[in-house]
Amino acid sequence: MKMVIIFIAVVSLLSACSLSTSDIRLTDAKTAMAVDENLMPVKVTDLFPKGTSRVSCWIKWRDARINVQVLASWHYITDDIHILDYSFNIPKKEGSGSVALAMPDGRSLPSGSYKVDLSCESRKLKSLKFIIE
């Protein structure tokens, strides 16, 4: 199965900046239908309806080293396909933001099981699984 996927990333800064000597600590992570204008998750779920064209992965972090790089690695578990890796920098010590897996031109993600692994400097921070019906 060949999949064409657009990856959209938004890392938002919702709290004050300060220095830290640690890499990063995720305090929360969820999959959701979307994020709102304050970049908070909307319709948190791990079961998405058939026809879904976008899945958001929302994260909340603290104790981050400024500009530490986080890797989001997306997988289609059903057919054991690695979809893509996307790296982004965390610009503040504490905050929240999101990354998203999206299909182009209104196409839908194929039905099946997926996961997104979040890691920092080869250390897995969190793994989230979700299903498209």
# chains A, B, ... in the order shown; residues from 1 in each chain; ligands from 1

call {"tool": "residues_around", "arguments": {"residues": "range 78-90 of chain A", "least_positions_apart": "5", "cutoff": "7 Å", "atoms": "only C-alpha atoms", "output": "number ranges by chain"}}
result
A: 66-73, 112-113

call {"tool": "atom_distance", "arguments": {"atom1": "CA of Tyr76 in chain A", "atom2": "CA of Thr45 in chain A"}}
result
17.2 Å

call {"tool": "atom_distance", "arguments": {"atom1": "CA of Ala29 in chain A", "atom2": "CA of Pro110 in chain A"}}
result
23.0 Å

call {"tool": "residues_around", "arguments": {"residues": "range 99-104 of chain A", "least_positions_apart": "5", "cutoff": "12 Å", "atoms": "only C-alpha atoms", "output": "PyMOL selection string"}}
result
chain A and resi 3-12+29-35+39-41+51-60+70-76+83-89+109-110+114-118+130

call {"tool": "closest_residue", "arguments": {"among": "A:Leu26, A:Val44, A:Ser98, A:Lys92", "to": "Trp61 in chain A", "atoms": "only C-alpha atoms"}}
result
A:Leu26

call {"tool": "atom_distance", "arguments": {"atom1": "CA of Asp46 in chain A", "atom2": "CA of Lys93 in chain A"}}
result
27.8 Å

call {"tool": "select_by_dssp", "arguments": {"residues": "chain A", "states": "strand (DSSP E)", "output": "PDB file with N, CA and C atoms, in the first residue's frame"}}
result
ATOM      1  N   ILE A   6       1.028  14.251   4.225  1.00  0.00           N
ATOM      2  CA  ILE A   6       1.602  15.549   4.563  1.00  0.00           C
ATOM      3  C   ILE A   6       1.703  15.597   6.075  1.00  0.00           C
ATOM      4  N   PHE A   7       2.814  16.079   6.569  1.00  0.00           N
ATOM      5  CA  PHE A   7       3.010  16.168   8.015  1.00  0.00           C
ATOM      6  C   PHE A   7       3.023  17.632   8.401  1.00  0.00           C
ATOM      7  N   ILE A   8       2.212  17.974   9.362  1.00  0.00           N
ATOM      8  CA  ILE A   8       2.110  19.347   9.817  1.00  0.00           C
ATOM      9  C   ILE A   8       2.585  19.396  11.258  1.00  0.00           C
ATOM     10  N   ALA A   9       3.432  20.340  11.563  1.00  0.00           N
ATOM     11  CA  ALA A   9       3.932  20.444  12.934  1.00  0.00           C
ATOM     12  C   ALA A   9       3.739  21.857  13.451  1.00  0.00           C
ATOM     13  N   VAL A  10       3.279  21.923  14.660  1.00  0.00           N
ATOM     14  CA  VAL A  10       3.143  23.194  15.346  1.00  0.00           C
ATOM     15  C   VAL A  10       3.639  22.973  16.762  1.00  0.00           C
ATOM     16  N   ARG A  25      10.997  16.576  29.717  1.00  0.00           N
ATOM     17  CA  ARG A  25      10.111  15.604  30.361  1.00  0.00           C
ATOM     18  C   ARG A  25       8.695  15.874  29.865  1.00  0.00           C
ATOM     19  N   LEU A  26       8.078  14.865  29.241  1.00  0.00           N
ATOM     20  CA  LEU A  26       6.689  14.995  28.820  1.00  0.00           C
ATOM     21  C   LEU A  26       5.810  14.741  30.034  1.00  0.00           C
ATOM     22  N   THR A  27       4.894  15.667  30.297  1.00  0.00           N
ATOM     23  CA  THR A  27       3.976  15.490  31.414  1.00  0.00           C
ATOM     24  C   THR A  27       2.619  14.999  30.946  1.00  0.00           C
ATOM     25  N   ASP A  28       2.358  15.098  29.631  1.00  0.00           N
ATOM     26  CA  ASP A  28       1.104  14.608  29.071  1.00  0.00           C
ATOM     27  C   ASP A  28       1.266  14.488  27.561  1.00  0.00           C
ATOM     28  N   ALA A  29       0.558  13.555  26.969  1.00  0.00           N
ATOM     29  CA  ALA A  29       0.541  13.376  25.516  1.00  0.00           C
ATOM     30  C   ALA A  29      -0.753  12.668  25.154  1.00  0.00           C
ATOM     31  N   LYS A  30      -1.422  13.159  24.093  1.00  0.00           N
ATOM     32  CA  LYS A  30      -2.715  12.601  23.687  1.00  0.00           C
ATOM     33  C   LYS A  30      -2.874  12.713  22.181  1.00  0.00           C
ATOM     34  N   THR A  31      -3.642  11.784  21.606  1.00  0.00           N
ATOM     35  CA  THR A  31      -4.069  11.949  20.221  1.00  0.00           C
ATOM     36  C   THR A  31      -5.461  12.571  20.244  1.00  0.00           C
ATOM     37  N   ALA A  32      -5.724  13.406  19.255  1.00  0.00           N
ATOM     38  CA  ALA A  32      -6.983  14.145  19.208  1.00  0.00           C
ATOM     39  C   ALA A  32      -7.364  14.435  17.765  1.00  0.00           C
ATOM     40  N   MET A  33      -8.628  14.791  17.587  1.00  0.00           N
ATOM     41  CA  MET A  33      -9.124  15.153  16.250  1.00  0.00           C
ATOM     42  C   MET A  33      -8.483  16.450  15.757  1.00  0.00           C
ATOM     43  N   ALA A  34      -8.168  17.351  16.696  1.00  0.00           N
ATOM     44  CA  ALA A  34      -7.626  18.653  16.319  1.00  0.00           C
ATOM     45  C   ALA A  34      -7.051  19.319  17.562  1.00  0.00           C
ATOM     46  N   VAL A  35      -6.531  20.523  17.375  1.00  0.00           N
ATOM     47  CA  VAL A  35      -6.154  21.394  18.480  1.00  0.00           C
ATOM     48  C   VAL A  35      -6.836  22.736  18.257  1.00  0.00           C
ATOM     49  N   PRO A  41      -5.820  20.201  23.016  1.00  0.00           N
ATOM     50  CA  PRO A  41      -6.456  19.132  22.235  1.00  0.00           C
ATOM     51  C   PRO A  41      -7.977  19.240  22.235  1.00  0.00           C
ATOM     52  N   VAL A  42      -8.569  18.938  21.078  1.00  0.00           N
ATOM     53  CA  VAL A  42     -10.019  18.945  20.895  1.00  0.00           C
ATOM     54  C   VAL A  42     -10.438  17.533  20.496  1.00  0.00           C
ATOM     55  N   LYS A  43     -11.441  16.989  21.165  1.00  0.00           N
ATOM     56  CA  LYS A  43     -11.937  15.639  20.910  1.00  0.00           C
ATOM     57  C   LYS A  43     -10.818  14.605  21.055  1.00  0.00           C
ATOM     58  N   VAL A  44     -10.276  14.511  22.266  1.00  0.00           N
ATOM     59  CA  VAL A  44      -9.227  13.531  22.569  1.00  0.00           C
ATOM     60  C   VAL A  44      -9.782  12.129  22.365  1.00  0.00           C
ATOM     61  N   LEU A  47      -9.501   6.365  18.965  1.00  0.00           N
ATOM     62  CA  LEU A  47     -10.312   5.674  17.969  1.00  0.00           C
ATOM     63  C   LEU A  47     -10.944   6.720  17.055  1.00  0.00           C
ATOM     64  N   PHE A  48     -10.460   6.797  15.831  1.00  0.00           N
ATOM     65  CA  PHE A  48     -10.901   7.805  14.869  1.00  0.00           C
ATOM     66  C   PHE A  48     -11.823   7.169  13.834  1.00  0.00           C
ATOM     67  N   ARG A  54      -6.810  13.604   9.308  1.00  0.00           N
ATOM     68  CA  ARG A  54      -5.788  14.238  10.130  1.00  0.00           C
ATOM     69  C   ARG A  54      -5.892  13.741  11.571  1.00  0.00           C
ATOM     70  N   VAL A  55      -4.740  13.412  12.153  1.00  0.00           N
ATOM     71  CA  VAL A  55      -4.658  13.028  13.558  1.00  0.00           C
ATOM     72  C   VAL A  55      -3.617  13.927  14.209  1.00  0.00           C
ATOM     73  N   SER A  56      -4.012  14.591  15.285  1.00  0.00           N
ATOM     74  CA  SER A  56      -3.092  15.455  16.019  1.00  0.00           C
ATOM     75  C   SER A  56      -2.515  14.715  17.217  1.00  0.00           C
ATOM     76  N   CYS A  57      -1.255  14.942  17.469  1.00  0.00           N
ATOM     77  CA  CYS A  57      -0.585  14.418  18.663  1.00  0.00           C
ATOM     78  C   CYS A  57      -0.197  15.640  19.500  1.00  0.00           C
ATOM     79  N   TRP A  58      -0.881  15.807  20.617  1.00  0.00           N
ATOM     80  CA  TRP A  58      -0.656  16.957  21.496  1.00  0.00           C
ATOM     81  C   TRP A  58       0.283  16.549  22.622  1.00  0.00           C
ATOM     82  N   ILE A  59       1.226  17.422  22.938  1.00  0.00           N
ATOM     83  CA  ILE A  59       2.152  17.143  24.034  1.00  0.00           C
ATOM     84  C   ILE A  59       2.241  18.331  24.982  1.00  0.00           C
ATOM     85  N   LYS A  60       2.528  18.018  26.222  1.00  0.00           N
ATOM     86  CA  LYS A  60       2.808  19.029  27.235  1.00  0.00           C
ATOM     87  C   LYS A  60       4.135  18.632  27.864  1.00  0.00           C
ATOM     88  N   TRP A  61       5.063  19.607  28.012  1.00  0.00           N
ATOM     89  CA  TRP A  61       6.384  19.282  28.518  1.00  0.00           C
ATOM     90  C   TRP A  61       6.805  20.253  29.606  1.00  0.00           C
ATOM     91  N   ARG A  62       7.873  19.851  30.316  1.00  0.00           N
ATOM     92  CA  ARG A  62       8.521  20.720  31.294  1.00  0.00           C
ATOM     93  C   ARG A  62       9.980  20.289  31.405  1.00  0.00           C
ATOM     94  N   VAL A  68      16.043  21.811  22.548  1.00  0.00           N
ATOM     95  CA  VAL A  68      16.251  20.366  22.464  1.00  0.00           C
ATOM     96  C   VAL A  68      15.382  19.830  21.330  1.00  0.00           C
ATOM     97  N   GLN A  69      15.879  18.837  20.613  1.00  0.00           N
ATOM     98  CA  GLN A  69      15.159  18.281  19.468  1.00  0.00           C
ATOM     99  C   GLN A  69      14.356  17.046  19.882  1.00  0.00           C
ATOM    100  N   VAL A  70      13.092  17.034  19.487  1.00  0.00           N
ATOM    101  CA  VAL A  70      12.208  15.894  19.714  1.00  0.00           C
ATOM    102  C   VAL A  70      11.876  15.295  18.351  1.00  0.00           C
ATOM    103  N   LEU A  71      11.827  13.972  18.306  1.00  0.00           N
ATOM    104  CA  LEU A  71      11.515  13.257  17.071  1.00  0.00           C
ATOM    105  C   LEU A  71      10.146  12.598  17.210  1.00  0.00           C
ATOM    106  N   ALA A  72       9.255  12.865  16.260  1.00  0.00           N
ATOM    107  CA  ALA A  72       7.966  12.166  16.164  1.00  0.00           C
ATOM    108  C   ALA A  72       8.104  11.169  15.022  1.00  0.00           C
ATOM    109  N   SER A  73       7.963   9.899  15.349  1.00  0.00           N
ATOM    110  CA  SER A  73       8.112   8.826  14.364  1.00  0.00           C
ATOM    111  C   SER A  73       6.760   8.135  14.207  1.00  0.00           C
ATOM    112  N   TRP A  74       6.153   8.274  13.019  1.00  0.00           N
ATOM    113  CA  TRP A  74       4.811   7.766  12.745  1.00  0.00           C
ATOM    114  C   TRP A  74       4.884   6.420  12.042  1.00  0.00           C
ATOM    115  N   HIS A  75       4.041   5.463  12.471  1.00  0.00           N
ATOM    116  CA  HIS A  75       4.039   4.112  11.913  1.00  0.00           C
ATOM    117  C   HIS A  75       2.605   3.652  11.632  1.00  0.00           C
ATOM    118  N   TYR A  76       2.444   2.929  10.535  1.00  0.00           N
ATOM    119  CA  TYR A  76       1.188   2.255  10.204  1.00  0.00           C
ATOM    120  C   TYR A  76       1.383   0.805  10.609  1.00  0.00           C
ATOM    121  N   ILE A  81       4.431  -0.473   8.272  1.00  0.00           N
ATOM    122  CA  ILE A  81       5.033   0.557   7.423  1.00  0.00           C
ATOM    123  C   ILE A  81       5.464   1.738   8.288  1.00  0.00           C
ATOM    124  N   HIS A  82       6.728   2.116   8.151  1.00  0.00           N
ATOM    125  CA  HIS A  82       7.212   3.345   8.781  1.00  0.00           C
ATOM    126  C   HIS A  82       6.792   4.486   7.863  1.00  0.00           C
ATOM    127  N   ILE A  83       5.957   5.382   8.356  1.00  0.00           N
ATOM    128  CA  ILE A  83       5.425   6.456   7.511  1.00  0.00           C
ATOM    129  C   ILE A  83       6.450   7.572   7.358  1.00  0.00           C
ATOM    130  N   LEU A  84       6.865   8.158   8.476  1.00  0.00           N
ATOM    131  CA  LEU A  84       7.840   9.236   8.417  1.00  0.00           C
ATOM    132  C   LEU A  84       8.351   9.587   9.799  1.00  0.00           C
ATOM    133  N   ASP A  85       9.485  10.269   9.823  1.00  0.00           N
ATOM    134  CA  ASP A  85      10.046  10.860  11.026  1.00  0.00           C
ATOM    135  C   ASP A  85      10.008  12.369  10.850  1.00  0.00           C
ATOM    136  N   TYR A  86       9.675  13.073  11.916  1.00  0.00           N
ATOM    137  CA  TYR A  86       9.675  14.530  11.874  1.00  0.00           C
ATOM    138  C   TYR A  86      10.315  15.050  13.155  1.00  0.00           C
ATOM    139  N   SER A  87      11.370  15.839  13.012  1.00  0.00           N
ATOM    140  CA  SER A  87      12.065  16.425  14.160  1.00  0.00           C
ATOM    141  C   SER A  87      11.649  17.877  14.328  1.00  0.00           C
ATOM    142  N   PHE A  88      11.517  18.286  15.583  1.00  0.00           N
ATOM    143  CA  PHE A  88      11.207  19.684  15.874  1.00  0.00           C
ATOM    144  C   PHE A  88      11.903  20.092  17.164  1.00  0.00           C
ATOM    145  N   ASN A  89      12.215  21.380  17.268  1.00  0.00           N
ATOM    146  CA  ASN A  89      12.901  21.903  18.437  1.00  0.00           C
ATOM    147  C   ASN A  89      11.904  22.448  19.452  1.00  0.00           C
ATOM    148  N   ILE A  90      12.204  22.234  20.713  1.00  0.00           N
ATOM    149  CA  ILE A  90      11.390  22.752  21.812  1.00  0.00           C
ATOM    150  C   ILE A  90      12.034  24.064  22.258  1.00  0.00           C
ATOM    151  N   GLY A  95       5.887  24.101  28.311  1.00  0.00           N
ATOM    152  CA  GLY A  95       4.856  24.524  27.373  1.00  0.00           C
ATOM    153  C   GLY A  95       4.096  23.350  26.807  1.00  0.00           C
ATOM    154  N   SER A  96       3.381  23.619  25.740  1.00  0.00           N
ATOM    155  CA  SER A  96       2.646  22.564  25.056  1.00  0.00           C
ATOM    156  C   SER A  96       2.579  22.893  23.578  1.00  0.00           C
ATOM    157  N   GLY A  97       2.255  21.870  22.796  1.00  0.00           N
ATOM    158  CA  GLY A  97       2.160  22.051  21.360  1.00  0.00           C
ATOM    159  C   GLY A  97       1.671  20.777  20.707  1.00  0.00           C
ATOM    160  N   SER A  98       1.725  20.736  19.401  1.00  0.00           N
ATOM    161  CA  SER A  98       1.221  19.559  18.717  1.00  0.00           C
ATOM    162  C   SER A  98       1.953  19.319  17.408  1.00  0.00           C
ATOM    163  N   VAL A  99       1.887  18.078  16.981  1.00  0.00           N
ATOM    164  CA  VAL A  99       2.312  17.670  15.647  1.00  0.00           C
ATOM    165  C   VAL A  99       1.134  16.895  15.075  1.00  0.00           C
ATOM    166  N   ALA A 100       1.047  16.809  13.762  1.00  0.00           N
ATOM    167  CA  ALA A 100      -0.104  16.132  13.157  1.00  0.00           C
ATOM    168  C   ALA A 100       0.310  15.323  11.937  1.00  0.00           C
ATOM    169  N   LEU A 101      -0.410  14.248  11.732  1.00  0.00           N
ATOM    170  CA  LEU A 101      -0.283  13.415  10.545  1.00  0.00           C
ATOM    171  C   LEU A 101      -1.508  13.722   9.698  1.00  0.00           C
ATOM    172  N   ALA A 102      -1.298  14.170   8.464  1.00  0.00           N
ATOM    173  CA  ALA A 102      -2.427  14.596   7.634  1.00  0.00           C
ATOM    174  C   ALA A 102      -2.252  14.128   6.193  1.00  0.00           C
ATOM    175  N   GLY A 112      -6.970   1.176   9.991  1.00  0.00           N
ATOM    176  CA  GLY A 112      -5.977   0.309  10.608  1.00  0.00           C
ATOM    177  C   GLY A 112      -5.404   0.896  11.872  1.00  0.00           C
ATOM    178  N   SER A 113      -4.365   0.233  12.367  1.00  0.00           N
ATOM    179  CA  SER A 113      -3.697   0.637  13.603  1.00  0.00           C
ATOM    180  C   SER A 113      -2.447   1.448  13.293  1.00  0.00           C
ATOM    181  N   TYR A 114      -2.213   2.469  14.104  1.00  0.00           N
ATOM    182  CA  TYR A 114      -1.079   3.371  13.953  1.00  0.00           C
ATOM    183  C   TYR A 114      -0.419   3.583  15.313  1.00  0.00           C
ATOM    184  N   LYS A 115       0.787   4.163  15.269  1.00  0.00           N
ATOM    185  CA  LYS A 115       1.394   4.657  16.495  1.00  0.00           C
ATOM    186  C   LYS A 115       2.325   5.803  16.143  1.00  0.00           C
ATOM    187  N   VAL A 116       2.528   6.657  17.129  1.00  0.00           N
ATOM    188  CA  VAL A 116       3.528   7.713  17.028  1.00  0.00           C
ATOM    189  C   VAL A 116       4.432   7.572  18.238  1.00  0.00           C
ATOM    190  N   ASP A 117       5.742   7.461  17.969  1.00  0.00           N
ATOM    191  CA  ASP A 117       6.740   7.398  19.025  1.00  0.00           C
ATOM    192  C   ASP A 117       7.398   8.762  19.137  1.00  0.00           C
ATOM    193  N   LEU A 118       7.466   9.280  20.346  1.00  0.00           N
ATOM    194  CA  LEU A 118       8.125  10.552  20.611  1.00  0.00           C
ATOM    195  C   LEU A 118       9.414  10.256  21.357  1.00  0.00           C
ATOM    196  N   SER A 119      10.527  10.769  20.845  1.00  0.00           N
ATOM    197  CA  SER A 119      11.815  10.499  21.475  1.00  0.00           C
ATOM    198  C   SER A 119      12.701  11.735  21.455  1.00  0.00           C
ATOM    199  N   CYS A 120      13.706  11.691  22.314  1.00  0.00           N
ATOM    200  CA  CYS A 120      14.679  12.772  22.412  1.00  0.00           C
ATOM    201  C   CYS A 120      16.048  12.153  22.599  1.00  0.00           C
ATOM    202  N   ARG A 123      16.220   8.531  23.330  1.00  0.00           N
ATOM    203  CA  ARG A 123      15.476   8.094  24.513  1.00  0.00           C
ATOM    204  C   ARG A 123      13.986   8.249  24.222  1.00  0.00           C
ATOM    205  N   LYS A 124      13.251   7.124  24.257  1.00  0.00           N
ATOM    206  CA  LYS A 124      11.816   7.188  23.994  1.00  0.00           C
ATOM    207  C   LYS A 124      11.125   7.902  25.151  1.00  0.00           C
ATOM    208  N   LEU A 125      10.341   8.919  24.797  1.00  0.00           N
ATOM    209  CA  LEU A 125       9.592   9.688  25.788  1.00  0.00           C
ATOM    210  C   LEU A 125       8.191   9.140  25.967  1.00  0.00           C
ATOM    211  N   LYS A 126       7.567   8.769  24.850  1.00  0.00           N
ATOM    212  CA  LYS A 126       6.173   8.317  24.890  1.00  0.00           C
ATOM    213  C   LYS A 126       5.838   7.647  23.570  1.00  0.00           C
ATOM    214  N   SER A 127       4.952   6.662  23.630  1.00  0.00           N
ATOM    215  CA  SER A 127       4.435   6.007  22.439  1.00  0.00           C
ATOM    216  C   SER A 127       2.917   6.016  22.547  1.00  0.00           C
ATOM    217  N   LEU A 128       2.255   6.530  21.541  1.00  0.00           N
ATOM    218  CA  LEU A 128       0.795   6.595  21.516  1.00  0.00           C
ATOM    219  C   LEU A 128       0.278   5.760  20.353  1.00  0.00           C
ATOM    220  N   LYS A 129      -0.683   4.889  20.634  1.00  0.00           N
ATOM    221  CA  LYS A 129      -1.326   4.084  19.592  1.00  0.00           C
ATOM    222  C   LYS A 129      -2.714   4.626  19.340  1.00  0.00           C
ATOM    223  N   PHE A 130      -3.149   4.513  18.076  1.00  0.00           N
ATOM    224  CA  PHE A 130      -4.509   4.913  17.723  1.00  0.00           C
ATOM    225  C   PHE A 130      -4.987   4.084  16.544  1.00  0.00           C
ATOM    226  N   ILE A 131      -6.291   4.085  16.349  1.00  0.00           N
ATOM    227  CA  ILE A 131      -6.926   3.287  15.302  1.00  0.00           C
ATOM    228  C   ILE A 131      -7.785   4.193  14.433  1.00  0.00           C
ATOM    229  N   ILE A 132      -7.722   3.966  13.124  1.00  0.00           N
ATOM    230  CA  ILE A 132      -8.670   4.564  12.184  1.00  0.00           C
ATOM    231  C   ILE A 132      -9.618   3.438  11.815  1.00  0.00           C
TER     232      ILE A 132
END

call {"tool": "closest_residue", "arguments": {"among": "A:Glu121, A:Glu37, A:Glu133, A:Glu94", "to": "Ser108 in chain A", "atoms": "only C-alpha atoms"}}
result
A:Glu133

call {"tool": "decode", "arguments": {"residues": "range 25-85 of chain A", "atoms": "C-alpha atoms", "output": "short mmCIF file (atom, residue, chain, number, x, y, z; two decimals), in the first residue's frame"}}
result
data_model
loop_
_atom_site.label_atom_id
_atom_site.label_comp_id
_atom_site.auth_asym_id
_atom_site.auth_seq_id
_atom_site.Cartn_x
_atom_site.Cartn_y
_atom_site.Cartn_z
CA ARG A 25 10.11 15.60 30.36
CA LEU A 26 6.69 14.99 28.82
CA THR A 27 3.98 15.49 31.41
CA ASP A 28 1.10 14.61 29.07
CA ALA A 29 0.54 13.38 25.52
CA LYS A 30 -2.71 12.60 23.69
CA THR A 31 -4.07 11.95 20.22
CA ALA A 32 -6.98 14.14 19.21
CA MET A 33 -9.12 15.15 16.25
CA ALA A 34 -7.63 18.65 16.32
CA VAL A 35 -6.15 21.39 18.48
CA ASP A 36 -7.86 24.70 19.23
CA GLU A 37 -6.56 28.27 18.83
CA ASN A 38 -4.75 27.90 22.18
CA LEU A 39 -3.24 24.65 20.89
CA MET A 40 -5.15 22.53 23.40
CA PRO A 41 -6.46 19.13 22.24
CA VAL A 42 -10.02 18.94 20.89
CA LYS A 43 -11.94 15.64 20.91
CA VAL A 44 -9.23 13.53 22.57
CA THR A 45 -9.48 9.94 21.34
CA ASP A 46 -7.48 6.93 20.21
CA LEU A 47 -10.31 5.67 17.97
CA PHE A 48 -10.90 7.80 14.87
CA PRO A 49 -13.78 7.33 12.42
CA LYS A 50 -13.35 6.08 8.87
CA GLY A 51 -12.69 9.07 6.64
CA THR A 52 -10.30 10.78 9.07
CA SER A 53 -7.72 12.79 7.18
CA ARG A 54 -5.79 14.24 10.13
CA VAL A 55 -4.66 13.03 13.56
CA SER A 56 -3.09 15.46 16.02
CA CYS A 57 -0.58 14.42 18.66
CA TRP A 58 -0.66 16.96 21.50
CA ILE A 59 2.15 17.14 24.03
CA LYS A 60 2.81 19.03 27.23
CA TRP A 61 6.38 19.28 28.52
CA ARG A 62 8.52 20.72 31.29
CA ASP A 63 12.17 20.78 32.31
CA ALA A 64 13.26 21.09 28.68
CA ARG A 65 16.66 22.24 27.58
CA ILE A 66 16.05 25.18 25.25
CA ASN A 67 16.05 24.06 21.59
CA VAL A 68 16.25 20.37 22.46
CA GLN A 69 15.16 18.28 19.47
CA VAL A 70 12.21 15.89 19.71
CA LEU A 71 11.51 13.26 17.07
CA ALA A 72 7.97 12.17 16.16
CA SER A 73 8.11 8.83 14.36
CA TRP A 74 4.81 7.77 12.74
CA HIS A 75 4.04 4.11 11.91
CA TYR A 76 1.19 2.26 10.20
CA ILE A 77 1.16 -0.88 12.38
CA THR A 78 -1.40 -2.80 10.30
CA ASP A 79 1.01 -3.26 7.36
CA ASP A 80 4.24 -2.64 9.33
CA ILE A 81 5.03 0.56 7.42
CA HIS A 82 7.21 3.34 8.78
CA ILE A 83 5.43 6.46 7.51
CA LEU A 84 7.84 9.24 8.42
CA ASP A 85 10.05 10.86 11.03
#
